[in-house]
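Read the structure below first, then the notes.
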Amino acid sequence: MTELHDVDDNSDDPDDDARVEGGAVDDEYDDLPQSLYDKARDHNDQLSETERQLLLTYADPPTGLVLAYPDSLTIEDIYSTFGWPPPDVVHANIQRASNGLVTTPAELYARVRDALDRGKFDTEINDDEISLIMCHFDADKDTRDNNLGVPCFSAARKLLSRRLELDLITWKVAAERYHDLQRRRLFSHRPGWVPPPVPSIEGDRGQATRDLIIERDALLEQHKFGNVPEEDFRPRWDSFVASLDALWPKPPPHPPGSSRHGLHPTLAPGLQASVCHRALAANAIPATLSRRPVRHRPLA
């Protein structure tokens, strides 16, 4: 069976695989051990009534209910846990993007999987469908929320992802195309920019991407188990990364006729300070994005 995942899981880099183990607790959010979240996520039917009450009492309220009594959830509870809009909005967005072919998130995932299986991902799945998968099925949203790594949120979403059959490989293939789409939209406003050519490959680019991701993730899993030594793992991992980059070529960093910041040199230096400002100057993204707080990664 294809591996299933939390729809916000974006941990492809082997160096970002740190996680809370055993009884360690993230005190900012709750007082429950990681082992209980793991049990609720992977073996929910084996939870005792005491454990279910602990999840209800100490976990974040919405996710505590998901982990303790997932069979009691309404569709509104499920969509809220993922951070999706209300069901009627999600379904309307999916119907609009798919031209009425599917309605629910599970149906859209199944549609993408089927297209990948038949080598029709490039031609049958449109950019609006990809954007919905990556943006919480919200047509007005351009980012995902920031609950990555929070034990209760992560366990609850992975549990529901499995039940809804929102699989990891489909999401990762959609992510590759979504990032390519975002790059093209942003860079297309740069003076003199010429989009990189779509690589000429035999078959479907989405299908090729899926095959690479499956092989890459299998390599990563074997490395985690200690079956592939570091000196063998790194070159093979880098080869997979290079192959994916070849399938989804990145635009050149300094297109002809632009400054190193991607704007005409005569623009005020202040406008060259960030990607958001550059895109704003070119009317590429809504002005509201520039007002969002910037979260910086702490220095090591």
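Please note that chains go A, B, ... in the order of the structure tokens, that every chain numbers its residues from 1, and that ligands are numbered from 1 in the order shown.
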
Please tabulate, as a Markdown table, the residues of range 135-197 of chain A that come within 8 Å of range 40-46 of chain A, each with its closest pair of atoms and the distance in Å to one decimal, counting only C-alpha atoms and ordering rows by chain, then residue number upward.
| residue | atom | partner | partner_atom | distance |
| --- | --- | --- | --- | --- |
| A:Ala155 | CA | A:Arg41 | CA | 5.5 |
| A:Ala156 | CA | A:Arg41 | CA | 6.7 |
| A:Lys158 | CA | A:Arg41 | CA | 6.8 |
| A:Leu159 | CA | A:Arg41 | CA | 5.0 |

I need the residues from that last selection saved to file as a PDB file, in the first residue's frame (with N, CA and C atoms), if you can.
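The file below, out_12.pdb, is the result:
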ATOM      1  N   ALA A 155      -0.075  13.961  14.735  1.00  0.00           N
ATOM      2  CA  ALA A 155      -0.673  12.632  14.892  1.00  0.00           C
ATOM      3  C   ALA A 155      -2.115  12.622  14.419  1.00  0.00           C
ATOM      4  N   ALA A 156      -2.869  13.672  14.745  1.00  0.00           N
ATOM      5  CA  ALA A 156      -4.279  13.719  14.355  1.00  0.00           C
ATOM      6  C   ALA A 156      -4.437  13.772  12.840  1.00  0.00           C
ATOM      7  N   LYS A 158      -2.262  12.793  10.543  1.00  0.00           N
ATOM      8  CA  LYS A 158      -1.828  11.550   9.909  1.00  0.00           C
ATOM      9  C   LYS A 158      -2.888  10.463  10.052  1.00  0.00           C
ATOM     10  N   LEU A 159      -3.531  10.420  11.211  1.00  0.00           N
ATOM     11  CA  LEU A 159      -4.608   9.458  11.408  1.00  0.00           C
ATOM     12  C   LEU A 159      -5.731   9.685  10.405  1.00  0.00           C
TER      13      LEU A 159
END

message: Just want the 6 Å neighbourhood of range 89-91 of chain A, counted on only C-alpha atoms, with same-chain residues fewer than 6 positions away dropped. Output as a list in words.
response: Thr103, Thr104 and Phe137 of chain A

Selection file, N, CA and C atoms, as a PDB file, in the first residue's frame:
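That gives us result.pdb:
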ATOM      1  N   THR A 103     -15.612  15.849  -6.264  1.00  0.00           N
ATOM      2  CA  THR A 103     -16.164  16.785  -5.288  1.00  0.00           C
ATOM      3  C   THR A 103     -15.370  16.862  -3.999  1.00  0.00           C
ATOM      4  N   THR A 104     -14.906  15.748  -3.481  1.00  0.00           N
ATOM      5  CA  THR A 104     -14.261  15.716  -2.164  1.00  0.00           C
ATOM      6  C   THR A 104     -12.740  15.635  -2.291  1.00  0.00           C
ATOM      7  N   PHE A 137      -7.243  23.237   0.033  1.00  0.00           N
ATOM      8  CA  PHE A 137      -8.504  23.274  -0.717  1.00  0.00           C
ATOM      9  C   PHE A 137      -9.211  24.621  -0.579  1.00  0.00           C
TER      10      PHE A 137
END

query: Which residue gives the smallest distance to Leu36 in chain A among A:Pro70, A:Gly83, A:Pro105, A:Pro151, with only C-alpha atoms counted?
result: A:Pro151

- request: Quote the spacing between CA of Ala174 in chain A and CA of Ile130 in chain A in Å to one decimal place.
  value: 5.8 Å

- request: Find the residues around Glu129 in chain A up to 7 Å (only C-alpha atoms counted), leave out those fewer than 3 positions away in its own chain, and share them as a PyMOL selection string.
  value: chain A and resi 97-98+125-126+132-133

Writing out the chosen residues with C-alpha atoms as a short mmCIF file (atom, residue, chain, number, x, y, z; two decimals), in the first residue's frame:
data_model
loop_
_atom_site.label_atom_id
_atom_site.label_comp_id
_atom_site.auth_asym_id
_atom_site.auth_seq_id
_atom_site.Cartn_x
_atom_site.Cartn_y
_atom_site.Cartn_z
CA ALA A 97 -11.23 23.21 -10.37
CA SER A 98 -11.99 19.73 -11.74
CA ILE A 125 -4.63 17.27 -13.97
CA ASN A 126 -4.82 21.05 -14.21
CA LEU A 132 -6.04 23.26 -4.13
CA ILE A 133 -4.19 20.17 -2.92
#

- prompt: Hey, which of A:Ser48, A:Gln222, A:Asn227, A:Ser80 ends up closest to Pro61 in chain A? Count only C-alpha atoms.
  reply: A:Ser80

- request: Write out as an MDAnalysis selection string all residues of range 35-261 of chain A that backbone DSSP assigns to helix (DSSP H, G or I).
  value: chainID A and resid 35:42 44:46 49:58 61:68 70:72 75:82 87:97 105:117 121:124 127:134 151:164 168:187 205:224 230:247

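Taking CA of Ala246 in chain A and CA of Gly203 in chain A as endpoints, the distance between them is 14.8 Å.
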
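Picture a line from CA of Asp38 in chain A to CA of Leu212 in chain A; it runs 28.5 Å.
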
task: Pick out the residues sitting within 10 Å of Leu244 in chain A, and hand them over as a ChimeraX atom specification; count only C-alpha atoms, and ignore anything fewer than 2 positions along from it in its own chain.
output: /A:176,205,208-210,212-213,238-242,246-249

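Residues surrounding Gly64 in chain A within 9 Å are Arg52, Gln53, Leu54, Leu55, Leu56, Thr57, Tyr58, Ala59, Tyr69, Cys152, Phe153 and Ala156 of chain A [only C-alpha atoms; sequence separation below 5 positions excluded].
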